[in-house]
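Reviewing the structure listed below.
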Amino acid sequence: MPGKVVIIHPQEPTLAVRLYLPLLQGMALTLRKFLANVFTPSVRPTIEYPEQRREYSDRYRGRHILKSREDGSLKCVACYMCATACPADCINIVAGEHPNLAYEKYPTVFEIDLLRCVMCGFCVDACPKDAIWMTKDYEMSYFSRKDAIYGIPELTEKPSDTGVGGPGYGYRPYYGASPAKKAGQFEPSGLSLLPMTLARNAAINRVPPPPPKPPAPAPAKPAV
């Protein structure tokens, strides 16, 4: 059975369409919104950046910072947990032996490629030493990829991060002191071991070095 052919004829444009009157309706709406924004700025949803800035949550995931101990050294012990947990593979760490025996290893290199970072916060969750936090800093722009690779000087926490006008802390393990630290259950910085290790180091340095070994006798020549 042959199909039924339906012929559709386009409608004839009305006089209003031919005079583009619907376009004037759209222009009137645009003009009304423009005048409302000009004469009633208090009801505008737009934030006048950079004069005005949006207030973000304390759990906002922005630029990273490395926390320091009370003596100024970094809390990071170069355990590679953050680099292992990072889904973007943007963290590069090189470990070194800490000169103070009270602490474990420390990072001689700690770099984050912020162009690859997805700001997921997995590095903060994985860190066992509470050494890496995130801030509410979202103003990150660069002229080259090299500028986007932050090392230890850029990542170390600075007073401007939490000062007046600074971004402030964002995503972090504890909002305040950790429950274990409040209970006095541990000293995460290792400062309680510092006097003992300093005395041990001094005692080791006072021990005279062992005498040099006598030279080994020359092997006897075989008889001809």
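Scheme for the structure tokens: letters A, B, ... for chains in order shown; per-chain residue numbers from 1; ligand numbers from 1 in order shown.
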Can you tell me which residues surround Ile91 in chain A at a distance of at most 10 Å, considering only C-alpha atoms, apart from same-chain residues fewer than 6 positions away, and format the answer as a list in words? Tyr80, Cys82, Ala83, Thr84, Ala85, Phe110, Glu111, Ile112, Asp113, Leu114, Arg116, Cys117, Cys123, Ile149, Tyr150 and Gly151 of chain A
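Secondary structure of range 15-89 of chain A, alpha helix (DSSP H) only (DSSP, backbone atoms): A:Leu15, A:Ala16, A:Val17, A:Arg18, A:Leu21, A:Pro22, A:Leu23, A:Leu24, A:Gln25, A:Gly26, A:Met27, A:Ala28, A:Leu29, A:Thr30, A:Leu31, A:Arg32, A:Lys33, A:Phe34, A:Leu35, A:Ala36, A:Asn37, A:Val38, A:Phe39, A:Met81, A:Cys82, A:Ala83, A:Thr84, A:Ala85.
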If you run DSSP on the backbone here, which positions in range 110-162 of chain A get strand (DSSP E)? Please write them as a PyMOL selection string. chain A and resi 110-113+132-134+149-150
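Ranking A:Ala78, A:Ile152, A:Val164, A:Ala102 by their shortest atom-to-atom distance to Cys127 in chain A, with only C-alpha atoms included, puts A:Ala78 first.
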Between CA of Tyr103 in chain A and CA of Gly121 in chain A lies a distance of 25.4 Å
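Here the question is which of A:Pro195, A:Gly62, A:Pro173, A:Pro159 gets nearest to Thr135 in chain A using only C-alpha atoms, and that residue is A:Gly62.
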Exercise. Between A:Cys76, A:Leu35, A:Met27, A:Ala148, which is the closest to Ala95 in chain A once you count only C-alpha atoms?
Worked result: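 Smallest separation from Ala95 in chain A among the options: A:Cys76.
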CA of Gln52 in chain A to CA of Pro167 in chain A measures 13.5 Å
Would you mind listing what lies within 10 Å of Val77 in chain A as a list in words, with only C-alpha atoms counted and same-chain residues fewer than 5 positions away left out?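 Once the adjacent positions are removed, what remains is Ala95, Gly96, Glu97, His98, Tyr103, Glu104, Lys105, Tyr106, Pro107, Cys127, Pro128, Lys129 and Ala131 of chain A.
Residues surrounding Glu139 in chain A within 9 Å are Gly62, Arg63, Asp137 and Ser141 of chain A [only C-alpha atoms; sequence separation below 2 positions excluded].
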File dump, residues just selected, C-alpha atoms, as a PDB file, in the first residue's frame:
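To be explicit, this is the file written out as part34.pdb:
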ATOM      1  CA  GLY A  62      41.815  26.542  46.166  1.00  0.00           C
ATOM      2  CA  ARG A  63      45.580  27.015  46.052  1.00  0.00           C
ATOM      3  CA  ASP A 137      42.575  31.454  46.756  1.00  0.00           C
ATOM      4  CA  SER A 141      46.599  32.867  36.218  1.00  0.00           C
TER       5      SER A 141
END
- With only C-alpha atoms as the basis for distance, which of A:Pro211, A:His64, A:Asn92, A:Arg54 is at the shortest distance from Met140 in chain A?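 Using only C-alpha atoms, the shortest distance to Met140 in chain A belongs to A:His64.
Ranking A:Ser144, A:Thr46, A:Thr108, A:Thr30 by their shortest atom-to-atom distance to Leu74 in chain A, with only C-alpha atoms included, puts A:Thr108 first.
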Taking 6 positions as the minimum chain separation for residues in the same chain, which residues sit within 12 Å of Glu55 in chain A when counting only C-alpha atoms? Answer as a list in words.
Ile47, Lys136, Asp137, Tyr138, Gly165, Gly166, Pro167, Gly168 and Gly170 of chain A
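Each of A:Thr40, A:Asn100, A:Met81, A:Gly3 was compared to Ala202 in chain A using only C-alpha atoms, and A:Asn100 turns out to be the nearest.
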